[in-house]
Structure formats: C-alpha cells, structure tokens
>>> print(open('target.txt').read())   # compact mmCIF, C-alpha atoms
# COMPACT_ATOMS: atom_id res chain seq x y z
CA MET A 1401 43.09 72.81 83.53
CA THR A 1402 40.76 73.29 86.48
CA LEU A 1403 38.78 70.53 88.12
CA ASP A 1404 35.52 71.98 86.80
CA GLU A 1405 36.89 72.01 83.26
CA ALA A 1406 38.03 68.40 83.58
CA LEU A 1407 34.67 67.28 84.97
CA ASN A 1408 32.80 69.08 82.21
CA THR A 1409 35.00 67.36 79.64
CA LEU A 1410 34.31 64.00 81.24
CA LYS A 1411 30.57 64.61 81.43
CA ALA A 1412 30.50 65.49 77.73
CA GLN A 1413 31.45 61.85 77.05
CA ILE A 1414 28.57 60.30 78.99
CA GLU A 1415 26.76 57.58 77.08
CA SER A 1416 23.06 57.43 77.84
CA GLY A 1417 22.01 54.36 79.84
CA ARG A 1418 25.56 53.25 80.52
CA ALA A 1419 25.88 54.53 84.11
CA GLU A 1420 23.38 52.05 85.55
CA GLN A 1421 25.06 49.11 83.81
CA MET A 1422 28.52 50.17 84.97
CA ALA A 1423 27.39 50.79 88.55
CA ALA A 1424 25.88 47.31 88.71
CA TYR A 1425 28.87 45.59 87.09
CA HIS A 1426 31.44 47.36 89.27
CA LYS A 1427 29.20 47.22 92.38
CA GLN A 1428 29.54 50.96 92.92
CA THR A 1429 27.66 53.07 95.43
CA ARG A 1430 29.65 56.20 94.44
CA PRO A 1431 28.47 58.30 91.47
CA VAL A 1432 29.05 56.68 88.09
CA LEU A 1433 28.79 58.85 84.97
CA GLY A 1434 28.70 56.18 82.28
CA ILE A 1435 31.71 56.93 80.08
CA PRO A 1436 33.05 54.28 77.64
CA ASN A 1437 36.66 53.17 78.09
CA PRO A 1438 37.87 54.43 74.68
CA ALA A 1439 36.66 57.94 75.49
CA MET A 1440 38.38 57.81 78.89
CA ASN A 1441 41.62 56.68 77.26
CA ASP A 1442 41.53 59.42 74.65
CA LEU A 1443 40.78 62.15 77.18
CA THR A 1444 43.48 61.20 79.65
CA LYS A 1445 46.04 60.69 76.89
CA GLY A 1446 45.38 64.23 75.75
CA TRP A 1447 45.71 65.55 79.29
CA ARG A 1448 49.03 63.76 79.77
CA GLN A 1449 50.32 65.39 76.59
CA THR A 1450 49.24 68.93 77.40
CA LEU A 1451 49.73 69.24 81.18
CA ASP A 1452 53.08 69.40 82.91
CA VAL A 1453 53.86 67.05 85.80
CA SER A 1454 52.85 69.47 88.53
CA GLU A 1455 49.55 70.25 86.81
CA ARG A 1456 48.83 66.56 86.31
CA VAL A 1457 49.50 65.71 89.95
CA THR A 1458 47.24 68.55 91.11
CA LEU A 1459 44.44 67.57 88.74
CA ALA A 1460 44.78 63.89 89.65
CA GLN A 1461 44.49 64.75 93.33
CA ASP A 1462 41.42 66.90 92.73
CA LEU A 1463 39.74 64.29 90.52
CA TRP A 1464 40.32 61.58 93.10
CA GLN A 1465 38.75 63.68 95.83
CA THR A 1466 35.46 63.96 93.92
CA ASP A 1467 34.86 60.24 94.57
CA ILE A 1468 33.23 59.92 91.14
CA PHE A 1469 34.02 56.53 89.61
CA GLU A 1470 35.33 57.80 86.28
CA ALA A 1471 37.11 60.74 87.91
CA ARG A 1472 39.14 58.33 90.03
CA ILE A 1473 39.92 56.23 86.98
CA ALA A 1474 41.00 59.38 85.15
CA ALA A 1475 43.18 60.43 88.09
CA ALA A 1476 45.04 57.12 87.89
CA LYS A 1477 45.38 57.30 84.11
CA LEU A 1478 46.85 60.80 84.36
CA LEU A 1479 49.79 59.30 86.26
CA THR A 1480 50.16 56.07 84.29
CA GLN A 1481 53.26 56.75 82.25
CA ALA A 1482 56.73 55.27 82.26
CA ARG A 1483 58.62 58.56 82.22
CA ILE A 1484 57.49 61.23 84.66
CA ARG A 1485 60.19 63.60 85.86
CA PRO A 1486 60.27 64.51 88.64
CA ASP A 1487 57.96 61.82 89.98
CA ASP A 1488 58.25 61.92 93.78
CA ASP A 1489 54.97 63.85 94.13
CA ALA A 1490 53.22 61.45 91.75
CA TRP A 1491 54.45 58.45 93.74
CA ALA A 1492 53.42 60.04 97.03
CA LEU A 1493 49.94 60.73 95.66
CA ILE A 1494 49.50 57.20 94.37
CA GLN A 1495 50.49 55.81 97.76
CA SER A 1496 47.96 58.09 99.47
CA TRP A 1497 45.17 56.59 97.37
CA VAL A 1498 45.69 53.02 98.53
CA ALA A 1499 43.78 53.43 101.78
CA ASP A 1500 40.73 54.51 99.71
CA PHE A 1501 40.66 51.37 97.54
CA ASP A 1502 37.33 49.58 97.77
CA SER A 1503 36.73 48.12 94.31
CA TRP A 1504 38.89 46.28 91.82
CA ALA A 1505 38.56 48.61 88.82
CA ILE A 1506 39.70 51.76 90.65
CA ALA A 1507 42.35 49.82 92.57
CA ASP A 1508 43.77 48.19 89.44
CA HIS A 1509 44.01 51.46 87.51
CA ALA A 1510 45.80 53.13 90.43
CA CYS A 1511 48.06 50.10 90.77
CA MET A 1512 49.01 50.36 87.10
CA ALA A 1513 50.13 53.92 87.79
CA GLY A 1514 52.06 52.60 90.78
CA GLN A 1515 53.74 49.92 88.68
CA LYS A 1516 55.30 52.59 86.47
CA ARG A 1517 56.68 54.45 89.47
CA LEU A 1518 58.10 51.27 91.00
CA LEU A 1519 59.80 50.38 87.74
CA ALA A 1520 61.23 53.90 87.59
CA ASN A 1521 62.73 53.40 91.05
CA PRO A 1522 62.69 49.78 92.29
CA ASP A 1523 63.94 50.89 95.73
CA ARG A 1524 60.37 52.06 96.29
CA ILE A 1525 59.52 48.43 97.00
CA ASN A 1526 60.62 49.33 100.52
CA ASP A 1527 57.79 51.87 100.68
CA ILE A 1528 55.09 49.24 100.17
CA GLU A 1529 56.28 46.27 102.22
CA HIS A 1530 54.31 47.43 105.26
CA TRP A 1531 51.15 47.16 103.15
CA THR A 1532 51.43 43.38 103.42
CA THR A 1533 50.40 43.46 107.09
CA SER A 1534 47.63 46.05 106.74
CA ASP A 1535 44.16 45.38 108.14
CA HIS A 1536 42.80 46.75 104.85
CA MET A 1537 42.40 43.91 102.35
CA TRP A 1538 42.75 46.19 99.33
CA THR A 1539 46.05 47.53 100.64
CA ARG A 1540 47.43 44.01 101.06
CA ARG A 1541 46.25 43.15 97.56
CA ALA A 1542 47.88 46.28 96.13
CA ALA A 1543 51.32 45.06 97.21
CA LEU A 1544 50.96 42.15 94.78
CA VAL A 1545 49.23 44.00 91.94
CA MET A 1546 51.75 46.86 91.90
CA THR A 1547 54.67 44.43 91.70
CA LEU A 1548 53.31 42.40 88.77
CA PRO A 1549 56.01 43.75 86.40
CA TRP A 1550 58.53 41.56 88.24
CA THR A 1551 56.71 38.47 87.03
CA LYS A 1552 57.35 39.34 83.40
CA GLN A 1553 61.11 39.56 82.82
CA ASN A 1554 62.60 36.74 80.76
CA HIS A 1555 66.13 37.77 81.69
CA PRO A 1556 65.87 39.35 85.14
CA LYS A 1557 68.86 41.03 86.71
CA PRO A 1558 69.98 39.98 90.20
CA GLN A 1559 68.05 42.90 91.71
CA ASP A 1560 64.91 41.78 89.86
CA LEU A 1561 65.30 38.23 91.15
CA PHE A 1562 65.70 39.59 94.67
CA ILE A 1563 62.44 41.53 94.29
CA ARG A 1564 60.74 38.51 92.72
CA ASP A 1565 61.67 36.33 95.69
CA ARG A 1566 60.73 39.08 98.13
CA VAL A 1567 57.24 39.37 96.68
CA LEU A 1568 56.85 35.60 96.62
CA GLY A 1569 57.56 35.78 100.34
CA TRP A 1570 54.71 38.25 100.70
CA ALA A 1571 52.45 35.95 98.71
CA ALA A 1572 53.42 33.04 100.95
CA SER A 1573 52.29 35.05 103.97
CA TYR A 1574 48.91 35.56 102.28
CA VAL A 1575 48.00 31.96 101.44
CA THR A 1576 46.05 31.34 104.65
CA ASP A 1577 43.88 34.38 103.89
CA HIS A 1578 41.05 32.85 101.88
CA THR A 1579 39.45 36.17 100.93
CA TRP A 1580 38.58 35.84 97.24
CA PHE A 1581 40.45 38.96 96.12
CA ILE A 1582 43.59 37.97 98.02
CA GLN A 1583 43.56 34.44 96.62
CA LYS A 1584 42.92 35.83 93.13
CA ALA A 1585 45.88 38.21 93.50
CA ILE A 1586 48.20 35.37 94.54
CA ALA A 1587 47.01 33.32 91.59
CA TRP A 1588 47.46 36.28 89.23
CA TRP A 1589 51.05 36.82 90.36
CA LEU A 1590 51.93 33.13 90.05
CA ARG A 1591 50.14 32.67 86.72
CA ASP A 1592 52.04 35.56 85.16
CA LEU A 1593 55.29 34.38 86.73
CA SER A 1594 54.82 30.87 85.38
CA LYS A 1595 55.20 32.13 81.80
CA HIS A 1596 58.71 33.41 82.53
CA ASP A 1597 59.90 31.52 85.62
CA PRO A 1598 58.05 28.19 85.85
CA ASP A 1599 60.53 26.72 88.31
CA ARG A 1600 59.84 29.35 90.96
CA THR A 1601 56.12 28.97 90.38
CA ARG A 1602 56.27 25.20 90.80
CA ALA A 1603 58.39 25.54 93.93
CA PHE A 1604 55.87 27.94 95.47
CA LEU A 1605 52.94 25.67 94.66
CA ALA A 1606 54.76 22.62 95.97
CA ILE A 1607 55.09 24.29 99.36
CA HIS A 1608 51.95 26.42 99.56
CA GLY A 1609 49.55 25.07 96.95
CA GLU A 1610 47.54 22.91 99.30
CA THR A 1611 46.89 25.91 101.55
CA MET A 1612 45.50 27.98 98.68
CA LYS A 1613 41.87 27.85 97.61
CA PRO A 1614 41.40 25.29 94.81
CA PHE A 1615 40.37 27.92 92.23
CA ALA A 1616 43.50 29.97 92.99
CA ARG A 1617 45.79 26.95 92.81
CA LYS A 1618 44.28 25.96 89.47
CA GLU A 1619 44.60 29.50 88.09
CA ALA A 1620 48.22 29.78 89.25
CA ALA A 1621 49.15 26.56 87.46
CA ARG A 1622 47.18 27.23 84.28
CA PHE A 1623 50.23 27.69 82.05
CA LEU A 1624 52.48 25.12 83.68
CA SER A 1625 53.08 21.99 81.67
CA SER A 1626 52.44 18.78 83.53
>>> encode(input="target.txt", output="structure tokens")
Amino acid sequence: MTLDEALNTLKAQIESGRAEQMAAYHKQTRPVLGIPNPAMNDLTKGWRQTLDVSERVTLAQDLWQTDIFEARIAAAKLLTQARIRPDDDAWALIQSWVADFDSWAIADHACMAGQKRLLANPDRINDIEHWTTSDHMWTRRAALVMTLPWTKQNHPKPQDLFIRDRVLGWAASYVTDHTWFIQKAIAWWLRDLSKHDPDRTRAFLAIHGETMKPFARKEAARFLSS
C-alpha cells in the first residue's frame, strides 16, 4: 500500500464537522481530518492483517512524516501488536518518534506501540533510560507511559520486579518537576501499580508524596485502602 492510497482510505472516513471539534479538544495546530475512533481502529486492523512487517514499518514511517493528526495515530496503531517478527526496525522507528511528541493523544498511541516492543524484549528498557534526563518533557513522560505494563503483573518475576523498582526510581527523580503532564504520569504509574503492588506504592508515597502536586498524590493513592 502506498502512502497516497492510505491517505485516500483515511480521508474516505472523514465525518463532517468533526475535525474542528477534534482539533479544539486535542489542541492541535497540525491538520486534523475528523475521523471517528472506530473507523481508525477498523482501518489499521485491516492494514496489520494484510501488510507484512516491512511494509507496515515503511507505511508507518511515511504516515508519521505527513504530520496529519490521524495519520500519526494510524502510524502508531500499525505497530501496536504483541507479536511482530522481526521487530527491530519497528522498535527503532517508534523510538525515533519520541522527539516529535507534542500532544498526549499522539504520544499515548505511540507509547502503546512501544509497550508491546518492550514486553517483547524487556532488555530494551536500557534503550529508554536516557529519556529520563531529556530536556523534552514529552520524552521524559514517555519513559513512564511506555513502561506501564510493569505496573500490572500480579505475580511478577524477579526481572519484572527489578524493572518495576527501576522505573520507580525514574519516577522519584521526576517528583520535583511540577509540570502537569509529568505529575499526571507519575500518578498514573502509581495508581496502576497500587492495584497489584500496594506496598511499593505506599512506600513511594511515604517518601515522595509530599513533594508531589496534591492532585497527583491524590490520584496515585485513589485505590489504596486507608
């Protein structure tokens, strides 16, 4: 599938009047087509089923470069799959996108693709640690969002616990950054962790909670029993 074919397929799903609403909601200055989420999901699912890995990586790269809102979402969805073999090119492409993050919807979809690649090869955690000291807020945030799967295991293996503690260390280094999106990401990680590992969550909040913004501390503790 060529880029033009993909864009024409996307544009065929435009819903009249939706672009303006989406642009305002997502605070976008880039082009927004106005495509409903169900249509995006159906299209990208079909592309994943019909294109091989190399074709998907090439199309995802081309879609991302258009800087159209839905095209970037579609690029991320093309690579959001547990089993992609080989996946080194997909992982490299996802990493290359991080410096372009500038809004939560695009960033979160790309991070979901990244989560799958990290789960496929947890050693890739080493590839993202330097993001935690980036001057780019969205890159720092991505280090937490991409590692969210490690908040969810009920019976983590020793390697998973090591990663869990490693990421909590990153979060601890973020607590003095009171940027809303950073505080929200810390709270998100801790809130999800609290459902599966309340002791680690409580320990983190006992040490760092007072340094966090009140809304983030409250969100992190939402599911902790008193």
>>> atom_distance(input="target.txt", atom1="atom CA of Glu1420 of chain A", atom2="atom CA of Gln1465 of chain A")
21.8 Å
>>> atom_distance(input="target.txt", atom1="atom CA of His1596 of chain A", atom2="atom CA of Glu1529 of chain A")
23.6 Å
>>> atom_distance(input="target.txt", atom1="atom CA of Tyr1425 of chain A", atom2="atom CA of Ile1528 of chain A")
29.5 Å
>>> axis_aligned_box(input="target.txt", around="segment 1515-1521 of chain A", padding_each_side="6 Å", output="JSON")
{"center_x": 58.2, "center_y": 52.2, "center_z": 88.8, "size_x": 21.0, "size_y": 16.5, "size_z": 16.6}
>>> residues_around(input="target.txt", residues="Ile1435 of chain A", least_positions_apart="5", cutoff="9 Å", atoms="all atoms listed in the file", output="list in words")
Leu1410, Lys1411, Ala1412, Gln1413, Ile1414, Glu1415, Ser1416, Arg1418, Ala1419, Met1422, Met1440 and Glu1470 of chain A
>>> residues_around(input="target.txt", residues="segment 1472-1488 of chain A", least_positions_apart="2", cutoff="8 Å", atoms="all atoms listed in the file", output="ChimeraX atom specification")
/A:1440-1441,1444-1445,1447-1448,1453,1456-1457,1459-1461,1463-1470,1490-1492,1494,1505-1506,1509-1510,1512-1514,1516-1517,1519-1520
>>> residues_around(input="target.txt", residues="Pro1549 of chain A", least_positions_apart="5", cutoff="10 Å", atoms="only C-alpha atoms", output="number ranges by chain")
A: 1512, 1515-1516, 1518-1519, 1544, 1560, 1564, 1589, 1592-1593
>>> write_last_selection(input="target.txt", atoms="C-alpha atoms", output="PDB file, in the coordinates of the input")
ATOM      1  CA  MET A1512      49.010  50.360  87.100  1.00  0.00           C
ATOM      2  CA  GLN A1515      53.740  49.920  88.680  1.00  0.00           C
ATOM      3  CA  LYS A1516      55.300  52.590  86.470  1.00  0.00           C
ATOM      4  CA  LEU A1518      58.100  51.270  91.000  1.00  0.00           C
ATOM      5  CA  LEU A1519      59.800  50.380  87.740  1.00  0.00           C
ATOM      6  CA  LEU A1544      50.960  42.150  94.780  1.00  0.00           C
ATOM      7  CA  ASP A1560      64.910  41.780  89.860  1.00  0.00           C
ATOM      8  CA  ARG A1564      60.740  38.510  92.720  1.00  0.00           C
ATOM      9  CA  TRP A1589      51.050  36.820  90.360  1.00  0.00           C
ATOM     10  CA  ASP A1592      52.040  35.560  85.160  1.00  0.00           C
ATOM     11  CA  LEU A1593      55.290  34.380  86.730  1.00  0.00           C
TER      12      LEU A1593
END
>>> residues_around(input="target.txt", residues="segment 1614-1620 of chain A", least_positions_apart="6", cutoff="9 Å", atoms="all atoms listed in the file", output="PDB file with C-alpha atoms, in the frame of the given file")
ATOM      1  CA  TRP A1580      38.580  35.840  97.240  1.00  0.00           C
ATOM      2  CA  GLN A1583      43.560  34.440  96.620  1.00  0.00           C
ATOM      3  CA  LYS A1584      42.920  35.830  93.130  1.00  0.00           C
ATOM      4  CA  ALA A1585      45.880  38.210  93.500  1.00  0.00           C
ATOM      5  CA  ILE A1586      48.200  35.370  94.540  1.00  0.00           C
ATOM      6  CA  ALA A1587      47.010  33.320  91.590  1.00  0.00           C
ATOM      7  CA  TRP A1588      47.460  36.280  89.230  1.00  0.00           C
ATOM      8  CA  TRP A1589      51.050  36.820  90.360  1.00  0.00           C
ATOM      9  CA  LEU A1590      51.930  33.130  90.050  1.00  0.00           C
ATOM     10  CA  ARG A1591      50.140  32.670  86.720  1.00  0.00           C
ATOM     11  CA  ASP A1592      52.040  35.560  85.160  1.00  0.00           C
ATOM     12  CA  LEU A1593      55.290  34.380  86.730  1.00  0.00           C
ATOM     13  CA  SER A1594      54.820  30.870  85.380  1.00  0.00           C
ATOM     14  CA  THR A1601      56.120  28.970  90.380  1.00  0.00           C
ATOM     15  CA  LEU A1605      52.940  25.670  94.660  1.00  0.00           C
TER      16      LEU A1605
END
>>> closest_residue(input="target.txt", among="A:His1608, A:Ala1542, A:Leu1407, A:Lys1595", to="Arg1622 of chain A", atoms="only C-alpha atoms")
A:Lys1595
>>> residues_around(input="target.txt", residues="Ser1503 of chain A", least_positions_apart="2", cutoff="8 Å", atoms="all atoms listed in the file", output="number ranges by chain")
A: 1426-1428, 1501, 1505-1507
>>> write_last_selection(input="target.txt", atoms="C-alpha atoms", output="PDB file, in the coordinates of the input")
ATOM      1  CA  HIS A1426      31.440  47.360  89.270  1.00  0.00           C
ATOM      2  CA  LYS A1427      29.200  47.220  92.380  1.00  0.00           C
ATOM      3  CA  GLN A1428      29.540  50.960  92.920  1.00  0.00           C
ATOM      4  CA  PHE A1501      40.660  51.370  97.540  1.00  0.00           C
ATOM      5  CA  ALA A1505      38.560  48.610  88.820  1.00  0.00           C
ATOM      6  CA  ILE A1506      39.700  51.760  90.650  1.00  0.00           C
ATOM      7  CA  ALA A1507      42.350  49.820  92.570  1.00  0.00           C
TER       8      ALA A1507
END
>>> closest_residue(input="target.txt", among="A:Met1546, A:Ile1563, A:Ala1606, A:Ala1571", to="Thr1533 of chain A", atoms="only C-alpha atoms")
A:Ala1571
>>> closest_residue(input="target.txt", among="A:Ile1525, A:Thr1532, A:Gln1559, A:Val1575", to="Thr1547 of chain A", atoms="all atoms listed in the file")
A:Ile1525
>>> build_atoms(input="target.txt", residues="segment 1520-1546 of chain A", atoms="N, CA, C and O atoms", output="PDB file, in the coordinates of the input")
ATOM      1  N   ALA A1520      60.324  52.750  87.707  1.00  0.00           N
ATOM      2  CA  ALA A1520      61.230  53.900  87.590  1.00  0.00           C
ATOM      3  C   ALA A1520      62.234  53.937  88.724  1.00  0.00           C
ATOM      4  O   ALA A1520      63.363  54.400  88.547  1.00  0.00           O
ATOM      5  N   ASN A1521      61.839  53.424  89.886  1.00  0.00           N
ATOM      6  CA  ASN A1521      62.730  53.400  91.050  1.00  0.00           C
ATOM      7  C   ASN A1521      62.400  52.166  91.890  1.00  0.00           C
ATOM      8  O   ASN A1521      61.572  52.228  92.797  1.00  0.00           O
ATOM      9  N   PRO A1522      63.026  51.019  91.580  1.00  0.00           N
ATOM     10  CA  PRO A1522      62.690  49.780  92.290  1.00  0.00           C
ATOM     11  C   PRO A1522      62.927  49.836  93.796  1.00  0.00           C
ATOM     12  O   PRO A1522      62.343  49.031  94.539  1.00  0.00           O
ATOM     13  N   ASP A1523      63.750  50.768  94.275  1.00  0.00           N
ATOM     14  CA  ASP A1523      63.940  50.890  95.730  1.00  0.00           C
ATOM     15  C   ASP A1523      62.637  51.247  96.435  1.00  0.00           C
ATOM     16  O   ASP A1523      62.524  51.068  97.659  1.00  0.00           O
ATOM     17  N   ARG A1524      61.661  51.733  95.686  1.00  0.00           N
ATOM     18  CA  ARG A1524      60.370  52.060  96.290  1.00  0.00           C
ATOM     19  C   ARG A1524      59.612  50.835  96.779  1.00  0.00           C
ATOM     20  O   ARG A1524      58.592  50.970  97.475  1.00  0.00           O
ATOM     21  N   ILE A1525      60.084  49.654  96.426  1.00  0.00           N
ATOM     22  CA  ILE A1525      59.520  48.430  97.000  1.00  0.00           C
ATOM     23  C   ILE A1525      59.523  48.526  98.517  1.00  0.00           C
ATOM     24  O   ILE A1525      58.614  48.021  99.195  1.00  0.00           O
ATOM     25  N   ASN A1526      60.546  49.179  99.065  1.00  0.00           N
ATOM     26  CA  ASN A1526      60.620  49.330 100.520  1.00  0.00           C
ATOM     27  C   ASN A1526      59.446  50.140 101.062  1.00  0.00           C
ATOM     28  O   ASN A1526      59.051  49.959 102.226  1.00  0.00           O
ATOM     29  N   ASP A1527      58.898  51.028 100.237  1.00  0.00           N
ATOM     30  CA  ASP A1527      57.790  51.870 100.680  1.00  0.00           C
ATOM     31  C   ASP A1527      56.497  51.086 100.856  1.00  0.00           C
ATOM     32  O   ASP A1527      55.594  51.541 101.580  1.00  0.00           O
ATOM     33  N   ILE A1528      56.383  49.949 100.171  1.00  0.00           N
ATOM     34  CA  ILE A1528      55.090  49.240 100.170  1.00  0.00           C
ATOM     35  C   ILE A1528      55.105  47.961 100.997  1.00  0.00           C
ATOM     36  O   ILE A1528      54.058  47.352 101.172  1.00  0.00           O
ATOM     37  N   GLU A1529      56.248  47.553 101.502  1.00  0.00           N
ATOM     38  CA  GLU A1529      56.280  46.270 102.220  1.00  0.00           C
ATOM     39  C   GLU A1529      55.335  46.263 103.414  1.00  0.00           C
ATOM     40  O   GLU A1529      54.711  45.231 103.715  1.00  0.00           O
ATOM     41  N   HIS A1530      55.194  47.408 104.083  1.00  0.00           N
ATOM     42  CA  HIS A1530      54.310  47.430 105.260  1.00  0.00           C
ATOM     43  C   HIS A1530      52.850  47.233 104.870  1.00  0.00           C
ATOM     44  O   HIS A1530      52.019  46.912 105.720  1.00  0.00           O
ATOM     45  N   TRP A1531      52.522  47.417 103.574  1.00  0.00           N
ATOM     46  CA  TRP A1531      51.150  47.160 103.150  1.00  0.00           C
ATOM     47  C   TRP A1531      50.764  45.696 103.373  1.00  0.00           C
ATOM     48  O   TRP A1531      49.587  45.385 103.532  1.00  0.00           O
ATOM     49  N   THR A1532      51.730  44.814 103.362  1.00  0.00           N
ATOM     50  CA  THR A1532      51.430  43.380 103.420  1.00  0.00           C
ATOM     51  C   THR A1532      50.846  42.956 104.762  1.00  0.00           C
ATOM     52  O   THR A1532      50.306  41.849 104.872  1.00  0.00           O
ATOM     53  N   THR A1533      50.960  43.789 105.767  1.00  0.00           N
ATOM     54  CA  THR A1533      50.400  43.460 107.090  1.00  0.00           C
ATOM     55  C   THR A1533      49.237  44.389 107.456  1.00  0.00           C
ATOM     56  O   THR A1533      48.815  44.414 108.612  1.00  0.00           O
ATOM     57  N   SER A1534      48.734  45.121 106.483  1.00  0.00           N
ATOM     58  CA  SER A1534      47.630  46.050 106.740  1.00  0.00           C
ATOM     59  C   SER A1534      46.346  45.295 107.080  1.00  0.00           C
ATOM     60  O   SER A1534      46.115  44.172 106.616  1.00  0.00           O
ATOM     61  N   ASP A1535      45.487  45.934 107.870  1.00  0.00           N
ATOM     62  CA  ASP A1535      44.160  45.380 108.140  1.00  0.00           C
ATOM     63  C   ASP A1535      43.211  45.585 106.962  1.00  0.00           C
ATOM     64  O   ASP A1535      42.126  44.993 106.930  1.00  0.00           O
ATOM     65  N   HIS A1536      43.632  46.413 106.008  1.00  0.00           N
ATOM     66  CA  HIS A1536      42.800  46.750 104.850  1.00  0.00           C
ATOM     67  C   HIS A1536      43.125  45.786 103.711  1.00  0.00           C
ATOM     68  O   HIS A1536      44.225  45.798 103.157  1.00  0.00           O
ATOM     69  N   MET A1537      42.154  44.947 103.354  1.00  0.00           N
ATOM     70  CA  MET A1537      42.400  43.910 102.350  1.00  0.00           C
ATOM     71  C   MET A1537      42.916  44.487 101.047  1.00  0.00           C
ATOM     72  O   MET A1537      43.834  43.932 100.417  1.00  0.00           O
ATOM     73  N   TRP A1538      42.349  45.622 100.607  1.00  0.00           N
ATOM     74  CA  TRP A1538      42.750  46.190  99.330  1.00  0.00           C
ATOM     75  C   TRP A1538      44.189  46.692  99.358  1.00  0.00           C
ATOM     76  O   TRP A1538      44.876  46.681  98.329  1.00  0.00           O
ATOM     77  N   THR A1539      44.652  47.118 100.521  1.00  0.00           N
ATOM     78  CA  THR A1539      46.050  47.530 100.640  1.00  0.00           C
ATOM     79  C   THR A1539      46.966  46.320 100.518  1.00  0.00           C
ATOM     80  O   THR A1539      47.987  46.377  99.812  1.00  0.00           O
ATOM     81  N   ARG A1540      46.627  45.232 101.185  1.00  0.00           N
ATOM     82  CA  ARG A1540      47.430  44.010 101.060  1.00  0.00           C
ATOM     83  C   ARG A1540      47.467  43.541  99.610  1.00  0.00           C
ATOM     84  O   ARG A1540      48.515  43.153  99.087  1.00  0.00           O
ATOM     85  N   ARG A1541      46.330  43.565  98.963  1.00  0.00           N
ATOM     86  CA  ARG A1541      46.250  43.150  97.560  1.00  0.00           C
ATOM     87  C   ARG A1541      47.127  44.037  96.675  1.00  0.00           C
ATOM     88  O   ARG A1541      47.793  43.553  95.754  1.00  0.00           O
ATOM     89  N   ALA A1542      47.128  45.338  96.954  1.00  0.00           N
ATOM     90  CA  ALA A1542      47.880  46.280  96.130  1.00  0.00           C
ATOM     91  C   ALA A1542      49.367  45.958  96.099  1.00  0.00           C
ATOM     92  O   ALA A1542      50.047  46.210  95.099  1.00  0.00           O
ATOM     93  N   ALA A1543      49.899  45.405  97.188  1.00  0.00           N
ATOM     94  CA  ALA A1543      51.320  45.060  97.210  1.00  0.00           C
ATOM     95  C   ALA A1543      51.656  44.031  96.131  1.00  0.00           C
ATOM     96  O   ALA A1543      52.750  44.066  95.553  1.00  0.00           O
ATOM     97  N   LEU A1544      50.732  43.134  95.836  1.00  0.00           N
ATOM     98  CA  LEU A1544      50.960  42.150  94.780  1.00  0.00           C
ATOM     99  C   LEU A1544      50.678  42.747  93.397  1.00  0.00           C
ATOM    100  O   LEU A1544      51.443  42.522  92.450  1.00  0.00           O
ATOM    101  N   VAL A1545      49.597  43.490  93.262  1.00  0.00           N
ATOM    102  CA  VAL A1545      49.230  44.000  91.940  1.00  0.00           C
ATOM    103  C   VAL A1545      50.259  45.022  91.443  1.00  0.00           C
ATOM    104  O   VAL A1545      50.618  45.027  90.267  1.00  0.00           O
ATOM    105  N   MET A1546      50.777  45.860  92.337  1.00  0.00           N
ATOM    106  CA  MET A1546      51.750  46.860  91.900  1.00  0.00           C
ATOM    107  C   MET A1546      53.091  46.245  91.516  1.00  0.00           C
ATOM    108  O   MET A1546      53.859  46.854  90.776  1.00  0.00           O
TER     109      MET A1546
END
